[in-house]
file target-v4.pdb (PDB, C-alpha atoms)
MODEL        1
ATOM      1  CA  MET V  17      12.226 -47.323-210.445  1.00  0.00           C
ATOM      2  CA  ASN V  18       9.849 -48.333-207.673  1.00  0.00           C
ATOM      3  CA  GLU V  19       9.060 -51.930-206.626  1.00  0.00           C
ATOM      4  CA  GLU V  20       5.576 -52.102-208.169  1.00  0.00           C
ATOM      5  CA  ARG V  21       6.803 -50.936-211.564  1.00  0.00           C
ATOM      6  CA  LYS V  22       9.674 -53.432-211.412  1.00  0.00           C
ATOM      7  CA  LYS V  23       7.302 -56.301-210.578  1.00  0.00           C
ATOM      8  CA  ILE V  24       5.003 -55.452-213.484  1.00  0.00           C
ATOM      9  CA  LEU V  25       7.931 -55.390-215.908  1.00  0.00           C
ATOM     10  CA  GLU V  26       9.182 -58.715-214.533  1.00  0.00           C
ATOM     11  CA  MET V  27       5.714 -60.233-214.946  1.00  0.00           C
ATOM     12  CA  LEU V  28       5.670 -58.935-218.521  1.00  0.00           C
ATOM     13  CA  ALA V  29       9.137 -60.368-219.178  1.00  0.00           C
ATOM     14  CA  ASP V  30       8.042 -63.751-217.754  1.00  0.00           C
ATOM     15  CA  GLY V  31       5.007 -63.698-220.014  1.00  0.00           C
ATOM     16  CA  LYS V  32       2.582 -63.786-217.061  1.00  0.00           C
ATOM     17  CA  ILE V  33       0.759 -60.678-218.339  1.00  0.00           C
ATOM     18  CA  SER V  34       0.232 -59.192-221.777  1.00  0.00           C
ATOM     19  CA  VAL V  35       1.613 -55.857-222.971  1.00  0.00           C
ATOM     20  CA  GLU V  36      -1.882 -54.278-222.696  1.00  0.00           C
ATOM     21  CA  GLU V  37      -2.290 -55.508-219.129  1.00  0.00           C
ATOM     22  CA  ALA V  38       1.169 -54.195-218.210  1.00  0.00           C
ATOM     23  CA  GLU V  39       0.304 -50.852-219.749  1.00  0.00           C
ATOM     24  CA  LYS V  40      -2.946 -50.690-217.768  1.00  0.00           C
ATOM     25  CA  LEU V  41      -1.161 -51.553-214.527  1.00  0.00           C
ATOM     26  CA  LEU V  42       1.591 -49.026-215.153  1.00  0.00           C
ATOM     27  CA  SER V  43      -0.884 -46.259-215.902  1.00  0.00           C
ATOM     28  CA  ALA V  44      -2.822 -47.184-212.740  1.00  0.00           C
ATOM     29  CA  ILE V  45       0.410 -46.792-210.744  1.00  0.00           C
ATOM     30  CA  SER V  46       1.168 -43.430-212.368  1.00  0.00           C
ATOM     31  CA  GLU V  47      -2.381 -42.243-211.575  1.00  0.00           C
ATOM     32  CA  SER V  48      -2.093 -43.262-207.932  1.00  0.00           C
ATOM     33  CA  SER V  49       1.290 -41.536-207.570  1.00  0.00           C
ATOM     34  CA  GLY V  50      -0.257 -38.477-209.242  1.00  0.00           C
ATOM     35  CA  GLU V  51      -3.007 -38.546-206.610  1.00  0.00           C
ATOM     36  CA  THR V  52      -0.354 -38.577-203.894  1.00  0.00           C
ATOM     37  CA  ALA V  53       1.323 -35.547-205.401  1.00  0.00           C
ATOM     38  CA  GLU V  54      -2.051 -33.829-205.640  1.00  0.00           C
ATOM     39  CA  GLY V  55      -2.762 -34.750-202.042  1.00  0.00           C
ATOM     40  CA  GLU V  56       0.510 -33.147-201.003  1.00  0.00           C
ATOM     41  CA  THR V  57      -0.444 -30.020-202.918  1.00  0.00           C
ATOM     42  CA  THR V  58      -3.833 -29.928-201.191  1.00  0.00           C
ATOM     43  CA  ASP V  59      -2.062 -30.431-197.878  1.00  0.00           C
ATOM     44  CA  LYS V  60       0.239 -27.547-198.755  1.00  0.00           C
ATOM     45  CA  ALA V  61      -2.729 -25.360-199.600  1.00  0.00           C
ATOM     46  CA  ARG V  62      -4.431 -26.199-196.328  1.00  0.00           C
ATOM     47  CA  LEU V  63      -2.601 -23.569-194.299  1.00  0.00           C
ATOM     48  CA  ARG V  64      -5.618 -21.956-192.656  1.00  0.00           C
ATOM     49  CA  TYR V  65      -4.773 -20.533-189.265  1.00  0.00           C
ATOM     50  CA  LEU V  66      -2.044 -18.764-187.352  1.00  0.00           C
ATOM     51  CA  ARG V  67      -2.241 -20.064-183.784  1.00  0.00           C
ATOM     52  CA  VAL V  68      -0.962 -18.340-180.661  1.00  0.00           C
ATOM     53  CA  ILE V  69      -1.198 -20.370-177.479  1.00  0.00           C
ATOM     54  CA  VAL V  70      -0.072 -19.140-174.069  1.00  0.00           C
ATOM     55  CA  GLU V  71      -0.184 -21.642-171.216  1.00  0.00           C
ATOM     56  CA  PRO V  72       1.172 -21.483-167.695  1.00  0.00           C
ATOM     57  CA  GLY V  73       4.605 -23.026-167.433  1.00  0.00           C
ATOM     58  CA  PRO V  74       5.533 -25.751-164.958  1.00  0.00           C
ATOM     59  CA  GLY V  75       5.337 -24.427-161.401  1.00  0.00           C
ATOM     60  CA  SER V  76       3.786 -21.166-162.500  1.00  0.00           C
ATOM     61  CA  GLU V  77       1.183 -19.609-160.219  1.00  0.00           C
ATOM     62  CA  ASN V  78      -0.417 -17.810-163.099  1.00  0.00           C
ATOM     63  CA  SER V  79      -3.344 -19.795-164.461  1.00  0.00           C
ATOM     64  CA  GLU V  80      -4.106 -17.569-167.406  1.00  0.00           C
ATOM     65  CA  ARG V  81      -4.480 -19.311-170.720  1.00  0.00           C
ATOM     66  CA  VAL V  82      -4.733 -17.634-174.107  1.00  0.00           C
ATOM     67  CA  ASN V  83      -5.774 -19.381-177.253  1.00  0.00           C
ATOM     68  CA  VAL V  84      -5.904 -17.304-180.430  1.00  0.00           C
ATOM     69  CA  ARG V  85      -6.686 -18.620-183.883  1.00  0.00           C
ATOM     70  CA  VAL V  86      -6.235 -16.061-186.647  1.00  0.00           C
ATOM     71  CA  PRO V  87      -7.502 -17.106-190.079  1.00  0.00           C
ATOM     72  CA  ILE V  88      -4.836 -16.797-192.783  1.00  0.00           C
ATOM     73  CA  LYS V  89      -7.413 -15.049-194.975  1.00  0.00           C
ATOM     74  CA  LEU V  90      -7.493 -12.260-192.373  1.00  0.00           C
ATOM     75  CA  ILE V  91      -3.706 -11.858-192.673  1.00  0.00           C
ATOM     76  CA  ARG V  92      -4.142 -11.821-196.446  1.00  0.00           C
ATOM     77  CA  ALA V  93      -6.811  -9.099-196.188  1.00  0.00           C
ATOM     78  CA  GLY V  94      -4.607  -7.165-193.758  1.00  0.00           C
ATOM     79  CA  ILE V  95      -1.650  -7.243-196.139  1.00  0.00           C
ATOM     80  CA  LYS V  96      -3.918  -6.045-198.942  1.00  0.00           C
ATOM     81  CA  PHE V  97      -5.163  -3.251-196.710  1.00  0.00           C
ATOM     82  CA  ALA V  98      -1.607  -2.282-195.717  1.00  0.00           C
ATOM     83  CA  SER V  99      -0.534  -2.140-199.361  1.00  0.00           C
ATOM     84  CA  LEU V 100      -3.071   0.660-199.890  1.00  0.00           C
ATOM     85  CA  LEU V 101      -1.256   3.017-197.547  1.00  0.00           C
ATOM     86  CA  PRO V 102       0.339   6.001-199.305  1.00  0.00           C
ATOM     87  CA  LYS V 103       4.163   6.026-199.464  1.00  0.00           C
ATOM     88  CA  ASP V 104       4.678   8.832-196.919  1.00  0.00           C
ATOM     89  CA  VAL V 105       2.453   7.017-194.421  1.00  0.00           C
ATOM     90  CA  GLN V 106       4.393   3.802-195.059  1.00  0.00           C
ATOM     91  CA  GLY V 107       7.585   5.732-194.272  1.00  0.00           C
ATOM     92  CA  LYS V 108       6.114   6.927-190.981  1.00  0.00           C
ATOM     93  CA  VAL V 109       5.085   3.367-190.093  1.00  0.00           C
ATOM     94  CA  ASP V 110       8.619   2.157-190.971  1.00  0.00           C
ATOM     95  CA  ASN V 111      10.153   4.779-188.662  1.00  0.00           C
ATOM     96  CA  ALA V 112       7.762   3.963-185.813  1.00  0.00           C
ATOM     97  CA  LEU V 113       8.578   0.261-186.192  1.00  0.00           C
ATOM     98  CA  LYS V 114      12.319   0.990-186.264  1.00  0.00           C
ATOM     99  CA  GLU V 115      11.985   2.947-183.016  1.00  0.00           C
ATOM    100  CA  SER V 116      10.356  -0.127-181.495  1.00  0.00           C
ATOM    101  CA  GLY V 117      13.236  -2.282-182.705  1.00  0.00           C
ATOM    102  CA  ILE V 118      11.416  -3.886-185.624  1.00  0.00           C
ATOM    103  CA  SER V 119      13.158  -3.525-188.933  1.00  0.00           C
ATOM    104  CA  LEU V 120      10.459  -3.835-191.565  1.00  0.00           C
ATOM    105  CA  ASP V 121      10.267  -2.223-194.962  1.00  0.00           C
ATOM    106  CA  PHE V 122       6.564  -1.482-195.321  1.00  0.00           C
ATOM    107  CA  SER V 123       6.976  -0.488-198.965  1.00  0.00           C
ATOM    108  CA  GLN V 124       7.824  -4.126-199.709  1.00  0.00           C
ATOM    109  CA  ILE V 125       4.404  -5.259-198.540  1.00  0.00           C
ATOM    110  CA  LYS V 126       2.583  -5.447-201.835  1.00  0.00           C
ATOM    111  CA  ASP V 127      -0.153  -7.555-203.366  1.00  0.00           C
ATOM    112  CA  GLU V 128       2.478  -9.385-205.475  1.00  0.00           C
ATOM    113  CA  ASN V 129       4.473 -10.402-202.387  1.00  0.00           C
ATOM    114  CA  MET V 130       1.429 -11.639-200.497  1.00  0.00           C
ATOM    115  CA  GLU V 131       1.772 -15.321-201.430  1.00  0.00           C
ATOM    116  CA  GLU V 132       5.467 -15.218-200.529  1.00  0.00           C
ATOM    117  CA  ILE V 133       4.685 -13.748-197.107  1.00  0.00           C
ATOM    118  CA  ILE V 134       1.896 -16.271-196.452  1.00  0.00           C
ATOM    119  CA  GLU V 135       4.094 -19.132-197.661  1.00  0.00           C
ATOM    120  CA  SER V 136       6.913 -18.095-195.341  1.00  0.00           C
ATOM    121  CA  LEU V 137       4.476 -18.365-192.427  1.00  0.00           C
ATOM    122  CA  ARG V 138       4.302 -22.118-193.088  1.00  0.00           C
ATOM    123  CA  ASP V 139       7.733 -22.565-191.511  1.00  0.00           C
ATOM    124  CA  LEU V 140       7.005 -20.248-188.607  1.00  0.00           C
ATOM    125  CA  THR V 141       7.236 -21.965-185.236  1.00  0.00           C
ATOM    126  CA  VAL V 142       7.940 -20.040-182.075  1.00  0.00           C
ATOM    127  CA  ASP V 143       8.219 -21.978-178.844  1.00  0.00           C
ATOM    128  CA  VAL V 144       9.148 -20.057-175.715  1.00  0.00           C
ATOM    129  CA  GLU V 145       9.247 -21.717-172.324  1.00  0.00           C
ATOM    130  CA  GLY V 146       9.549 -19.756-169.119  1.00  0.00           C
ATOM    131  CA  LYS V 147       6.958 -18.780-166.549  1.00  0.00           C
ATOM    132  CA  GLU V 148       4.531 -19.177-169.415  1.00  0.00           C
ATOM    133  CA  ARG V 149       4.770 -21.412-172.407  1.00  0.00           C
ATOM    134  CA  VAL V 150       4.155 -19.491-175.622  1.00  0.00           C
ATOM    135  CA  ARG V 151       3.655 -21.247-178.911  1.00  0.00           C
ATOM    136  CA  VAL V 152       3.133 -19.576-182.287  1.00  0.00           C
ATOM    137  CA  PHE V 153       2.615 -21.732-185.323  1.00  0.00           C
ATOM    138  CA  CYS V 154       0.559 -22.164-188.463  1.00  0.00           C
ATOM    139  CA  GLU V 155      -1.784 -25.043-189.177  1.00  0.00           C
TER
ATOM    140  CA  MET P  12     -21.201 -14.100-189.234  1.00  0.00           C
ATOM    141  CA  ARG P  13     -21.833 -13.966-185.492  1.00  0.00           C
ATOM    142  CA  ILE P  14     -19.746 -12.769-182.593  1.00  0.00           C
ATOM    143  CA  HIS P  15     -19.880 -14.865-179.419  1.00  0.00           C
ATOM    144  CA  ILE P  16     -18.663 -13.218-176.246  1.00  0.00           C
ATOM    145  CA  VAL P  17     -18.784 -15.397-173.176  1.00  0.00           C
ATOM    146  CA  GLY P  18     -17.858 -13.227-170.224  1.00  0.00           C
ATOM    147  CA  LYS P  19     -17.358 -13.466-166.480  1.00  0.00           C
ATOM    148  CA  LYS P  20     -21.068 -13.633-165.678  1.00  0.00           C
ATOM    149  CA  LYS P  21     -21.669 -16.286-168.330  1.00  0.00           C
ATOM    150  CA  VAL P  22     -23.399 -13.747-170.529  1.00  0.00           C
ATOM    151  CA  ARG P  23     -23.537 -15.022-174.045  1.00  0.00           C
ATOM    152  CA  LEU P  24     -23.788 -12.267-176.606  1.00  0.00           C
ATOM    153  CA  ILE P  25     -24.498 -13.174-180.177  1.00  0.00           C
ATOM    154  CA  ILE P  26     -24.388 -10.329-182.661  1.00  0.00           C
ATOM    155  CA  PRO P  27     -25.541 -11.197-186.163  1.00  0.00           C
ATOM    156  CA  LEU P  28     -23.376  -9.099-188.418  1.00  0.00           C
ATOM    157  CA  PHE P  29     -25.896  -8.927-191.252  1.00  0.00           C
ATOM    158  CA  LEU P  30     -27.942  -6.593-189.024  1.00  0.00           C
ATOM    159  CA  VAL P  31     -24.919  -4.314-188.688  1.00  0.00           C
ATOM    160  CA  TRP P  32     -24.565  -4.294-192.469  1.00  0.00           C
ATOM    161  CA  LEU P  33     -28.268  -3.455-192.847  1.00  0.00           C
ATOM    162  CA  LEU P  34     -27.864  -0.505-190.486  1.00  0.00           C
ATOM    163  CA  LEU P  35     -24.734   0.684-192.264  1.00  0.00           C
ATOM    164  CA  LEU P  36     -26.146   0.361-195.772  1.00  0.00           C
ATOM    165  CA  PRO P  37     -28.027   3.732-195.859  1.00  0.00           C
ATOM    166  CA  PHE P  38     -24.895   5.527-194.634  1.00  0.00           C
ATOM    167  CA  ILE P  39     -22.748   3.812-197.249  1.00  0.00           C
ATOM    168  CA  ILE P  40     -25.180   4.781-200.004  1.00  0.00           C
ATOM    169  CA  LEU P  41     -25.307   8.378-198.760  1.00  0.00           C
ATOM    170  CA  LEU P  42     -21.546   8.701-198.407  1.00  0.00           C
ATOM    171  CA  THR P  43     -20.548   7.078-201.722  1.00  0.00           C
ATOM    172  CA  PRO P  44     -20.903  10.229-203.936  1.00  0.00           C
ATOM    173  CA  PHE P  45     -18.910  12.317-201.438  1.00  0.00           C
ATOM    174  CA  VAL P  46     -16.180   9.687-201.222  1.00  0.00           C
ATOM    175  CA  LEU P  47     -15.949   9.539-205.032  1.00  0.00           C
ATOM    176  CA  LEU P  48     -15.721  13.322-205.206  1.00  0.00           C
ATOM    177  CA  ALA P  49     -13.047  13.438-202.507  1.00  0.00           C
ATOM    178  CA  ALA P  50     -11.108  10.668-204.289  1.00  0.00           C
ATOM    179  CA  LEU P  51     -11.189  12.713-207.533  1.00  0.00           C
ATOM    180  CA  ILE P  52      -9.922  15.814-205.732  1.00  0.00           C
ATOM    181  CA  LEU P  53      -7.221  13.901-203.849  1.00  0.00           C
ATOM    182  CA  TRP P  54      -6.102  11.767-206.832  1.00  0.00           C
ATOM    183  CA  PRO P  55      -3.041  13.937-207.711  1.00  0.00           C
ATOM    184  CA  SER P  56      -1.738  13.724-204.116  1.00  0.00           C
ATOM    185  CA  GLY P  57      -1.878   9.908-204.172  1.00  0.00           C
ATOM    186  CA  TYR P  58      -4.484   9.655-201.438  1.00  0.00           C
ATOM    187  CA  GLY P  59      -7.329   9.176-203.929  1.00  0.00           C
ATOM    188  CA  ARG P  60      -6.376   5.571-204.603  1.00  0.00           C
ATOM    189  CA  THR P  61      -6.211   4.927-200.869  1.00  0.00           C
ATOM    190  CA  LEU P  62      -9.602   6.504-200.310  1.00  0.00           C
ATOM    191  CA  LEU P  63     -11.215   4.461-203.090  1.00  0.00           C
ATOM    192  CA  GLY P  64      -9.566   1.246-202.005  1.00  0.00           C
ATOM    193  CA  THR P  65     -10.240   1.612-198.289  1.00  0.00           C
ATOM    194  CA  GLY P  66     -13.939   0.695-198.448  1.00  0.00           C
ATOM    195  CA  PRO P  67     -13.540  -2.610-200.332  1.00  0.00           C
ATOM    196  CA  ALA P  68     -10.381  -3.479-198.346  1.00  0.00           C
ATOM    197  CA  LEU P  69     -12.161  -2.831-195.056  1.00  0.00           C
ATOM    198  CA  PHE P  70     -15.074  -4.935-196.244  1.00  0.00           C
ATOM    199  CA  SER P  71     -12.713  -7.808-197.113  1.00  0.00           C
ATOM    200  CA  VAL P  72     -11.030  -7.514-193.687  1.00  0.00           C
ATOM    201  CA  ILE P  73     -14.419  -7.730-191.946  1.00  0.00           C
ATOM    202  CA  CYS P  74     -15.446 -10.697-194.101  1.00  0.00           C
ATOM    203  CA  ALA P  75     -12.107 -12.394-193.342  1.00  0.00           C
ATOM    204  CA  LEU P  76     -12.792 -12.097-189.623  1.00  0.00           C
ATOM    205  CA  SER P  77     -14.980 -15.189-189.782  1.00  0.00           C
ATOM    206  CA  ASP P  78     -13.413 -18.053-187.850  1.00  0.00           C
ATOM    207  CA  LEU P  79     -11.309 -15.708-185.730  1.00  0.00           C
ATOM    208  CA  TYR P  80     -11.161 -17.279-182.321  1.00  0.00           C
ATOM    209  CA  VAL P  81      -9.812 -15.567-179.218  1.00  0.00           C
ATOM    210  CA  GLN P  82     -10.096 -17.309-175.877  1.00  0.00           C
ATOM    211  CA  VAL P  83      -8.663 -15.954-172.650  1.00  0.00           C
ATOM    212  CA  GLU P  84      -9.309 -17.788-169.422  1.00  0.00           C
ATOM    213  CA  ASP P  85      -8.043 -17.906-165.872  1.00  0.00           C
ATOM    214  CA  ARG P  86      -9.314 -19.518-162.672  1.00  0.00           C
ATOM    215  CA  ASP P  87     -12.362 -17.268-162.351  1.00  0.00           C
ATOM    216  CA  SER P  88     -13.355 -16.153-165.774  1.00  0.00           C
ATOM    217  CA  LYS P  89     -13.402 -17.090-169.381  1.00  0.00           C
ATOM    218  CA  THR P  90     -13.713 -14.711-172.310  1.00  0.00           C
ATOM    219  CA  LEU P  91     -14.372 -16.017-175.735  1.00  0.00           C
ATOM    220  CA  ILE P  92     -14.722 -14.013-178.910  1.00  0.00           C
ATOM    221  CA  TRP P  93     -15.567 -16.188-181.825  1.00  0.00           C
ATOM    222  CA  MET P  94     -16.495 -14.776-185.189  1.00  0.00           C
ATOM    223  CA  LYS P  95     -18.555 -17.559-186.634  1.00  0.00           C
TER
ENDMDL
END

call {"tool": "encode", "arguments": {"input": "target-v4.pdb", "output": "structure tokens"}}
result
Amino acid sequence: MNEERKKILEMLADGKISVEEAEKLLSAISESSGETAEGETTDKARLRYLRVIVEPGPGSENSERVNVRVPIKLIRAGIKFASLLPKDVQGKVDNALKESGISLDFSQIKDENMEEIIESLRDLTVDVEGKERVRVFCE
Amino acid sequence: MRIHIVGKKKVRLIIPLFLVWLLLLPFIILLTPFVLLAALILWPSGYGRTLLGTGPALFSVICALSDLYVQVEDRDSKTLIWMK
């Protein structure tokens, strides 16, 4: 039980407020906590971009900077596009990726898995520091 | 949607994509019956679905390009591609 709720119940027990007033206050608290939950949901839904930033590291002579912002909706459209590939083509893509050292089952990229893939990007953070500093993250 | 390319010589190129669509429209209209026919022929091999779905999927990829921002810069030059 949170502090505000406790105070209201104490005020009701002390007779400082009526039952109706307590009810109104309690419902106001529930509404505001509901708004917070909704706000969190909106925050969660706000994943809009995949960012790739390359900056020169400390002491690096290279002054090249790269700043890429890929909209998540583009990734979504790309996944949809990839799911259209026929199975034999998907197999060829799988083999080519395996040869490059990337183990990815292309047949698993389907419309139904799209949200799962996008959602897993939320936790993606790559931070590499060397001659260049490379950061990959979602925002 | 516009593409901004700011290059080495500070040339700013703005391409309104609706003009590209207008130019492509006659070709799309002309090609549609042939694509449908090819999709019908290829349906048993599994490529028909791909052929039919490619157009709309490509369209959605192009539409989703808006807000794509690529900036590469060094001491002398700056290249910016911004799909606005």

call {"tool": "residues_near_point", "arguments": {"input": "target-v4.pdb", "point": "(6.1, -21.4, -193.8)", "cutoff": "10 Å", "atoms": "all atoms listed in the file", "output": "short mmCIF file (atom, residue, chain, number, x, y, z; two decimals) with C-alpha atoms, keeping the file's coordinate frame"}}
result
data_model
loop_
_atom_site.label_atom_id
_atom_site.label_comp_id
_atom_site.auth_asym_id
_atom_site.auth_seq_id
_atom_site.Cartn_x
_atom_site.Cartn_y
_atom_site.Cartn_z
CA LYS V 60 0.24 -27.55 -198.76
CA LEU V 63 -2.60 -23.57 -194.30
CA GLU V 132 5.47 -15.22 -200.53
CA ILE V 133 4.68 -13.75 -197.11
CA ILE V 134 1.90 -16.27 -196.45
CA GLU V 135 4.09 -19.13 -197.66
CA SER V 136 6.91 -18.10 -195.34
CA LEU V 137 4.48 -18.36 -192.43
CA ARG V 138 4.30 -22.12 -193.09
CA ASP V 139 7.73 -22.56 -191.51
CA LEU V 140 7.00 -20.25 -188.61
CA THR V 141 7.24 -21.96 -185.24
CA PHE V 153 2.62 -21.73 -185.32
CA CYS V 154 0.56 -22.16 -188.46
CA GLU V 155 -1.78 -25.04 -189.18
#

call {"tool": "closest_residue", "arguments": {"input": "target-v4.pdb", "among": "V:Val82, V:Leu41, V:Val109, V:Leu120", "to": "chain P", "atoms": "only C-alpha atoms"}}
result
V:Val82

call {"tool": "closest_residue", "arguments": {"input": "target-v4.pdb", "among": "V:Ser43, V:Ala29, V:Arg67, V:Lys23", "to": "chain P", "atoms": "all atoms listed in the file"}}
result
V:Arg67

call {"tool": "interface_residues", "arguments": {"input": "target-v4.pdb", "of": "chain V", "to": "chain P", "cutoff": "10 Å", "atoms": "only C-alpha atoms", "output": "MDAnalysis selection string"}}
result
chainID V and resid 64:70 78:104

call {"tool": "axis_aligned_box", "arguments": {"input": "target-v4.pdb", "around": "stretch 46-50 of chain P", "padding_each_side": "5 Å", "output": "JSON"}}
result
{"center_x": -13.6, "center_y": 11.5, "center_z": -203.2, "size_x": 15.1, "size_y": 13.9, "size_z": 14.0}

call {"tool": "atom_distance", "arguments": {"input": "target-v4.pdb", "atom1": "atom CA of P:Trp54", "atom2": "atom CA of V:Lys114"}}
result
29.6 Å

call {"tool": "build_atoms", "arguments": {"input": "target-v4.pdb", "residues": "stretch 65-76 of chain P", "atoms": "N, CA and C atoms", "output": "PDB file, keeping the file's coordinate frame"}}
result
ATOM      1  N   THR P  65     -10.021   1.899-199.716  1.00  0.00           N
ATOM      2  CA  THR P  65     -10.240   1.612-198.289  1.00  0.00           C
ATOM      3  C   THR P  65     -11.553   0.855-198.032  1.00  0.00           C
ATOM      4  N   GLY P  66     -12.618   1.322-198.663  1.00  0.00           N
ATOM      5  CA  GLY P  66     -13.939   0.695-198.448  1.00  0.00           C
ATOM      6  C   GLY P  66     -13.918  -0.797-198.745  1.00  0.00           C
ATOM      7  N   PRO P  67     -13.567  -1.171-200.003  1.00  0.00           N
ATOM      8  CA  PRO P  67     -13.540  -2.610-200.332  1.00  0.00           C
ATOM      9  C   PRO P  67     -12.547  -3.399-199.472  1.00  0.00           C
ATOM     10  N   ALA P  68     -11.384  -2.761-199.159  1.00  0.00           N
ATOM     11  CA  ALA P  68     -10.381  -3.479-198.346  1.00  0.00           C
ATOM     12  C   ALA P  68     -10.895  -3.710-196.933  1.00  0.00           C
ATOM     13  N   LEU P  69     -11.583  -2.706-196.395  1.00  0.00           N
ATOM     14  CA  LEU P  69     -12.161  -2.831-195.056  1.00  0.00           C
ATOM     15  C   LEU P  69     -13.241  -3.918-195.049  1.00  0.00           C
ATOM     16  N   PHE P  70     -14.023  -3.920-196.120  1.00  0.00           N
ATOM     17  CA  PHE P  70     -15.074  -4.935-196.244  1.00  0.00           C
ATOM     18  C   PHE P  70     -14.464  -6.336-196.274  1.00  0.00           C
ATOM     19  N   SER P  71     -13.348  -6.485-197.033  1.00  0.00           N
ATOM     20  CA  SER P  71     -12.713  -7.808-197.113  1.00  0.00           C
ATOM     21  C   SER P  71     -12.085  -8.203-195.776  1.00  0.00           C
ATOM     22  N   VAL P  72     -11.589  -7.205-195.020  1.00  0.00           N
ATOM     23  CA  VAL P  72     -11.030  -7.514-193.687  1.00  0.00           C
ATOM     24  C   VAL P  72     -12.152  -8.011-192.775  1.00  0.00           C
ATOM     25  N   ILE P  73     -13.300  -7.335-192.818  1.00  0.00           N
ATOM     26  CA  ILE P  73     -14.419  -7.730-191.946  1.00  0.00           C
ATOM     27  C   ILE P  73     -14.923  -9.123-192.334  1.00  0.00           C
ATOM     28  N   CYS P  74     -15.001  -9.370-193.648  1.00  0.00           N
ATOM     29  CA  CYS P  74     -15.446 -10.697-194.101  1.00  0.00           C
ATOM     30  C   CYS P  74     -14.443 -11.781-193.676  1.00  0.00           C
ATOM     31  N   ALA P  75     -13.151 -11.416-193.684  1.00  0.00           N
ATOM     32  CA  ALA P  75     -12.107 -12.394-193.342  1.00  0.00           C
ATOM     33  C   ALA P  75     -12.035 -12.671-191.842  1.00  0.00           C
ATOM     34  N   LEU P  76     -12.798 -11.888-191.071  1.00  0.00           N
ATOM     35  CA  LEU P  76     -12.792 -12.097-189.623  1.00  0.00           C
ATOM     36  C   LEU P  76     -13.469 -13.403-189.224  1.00  0.00           C
TER      37      LEU P  76
END
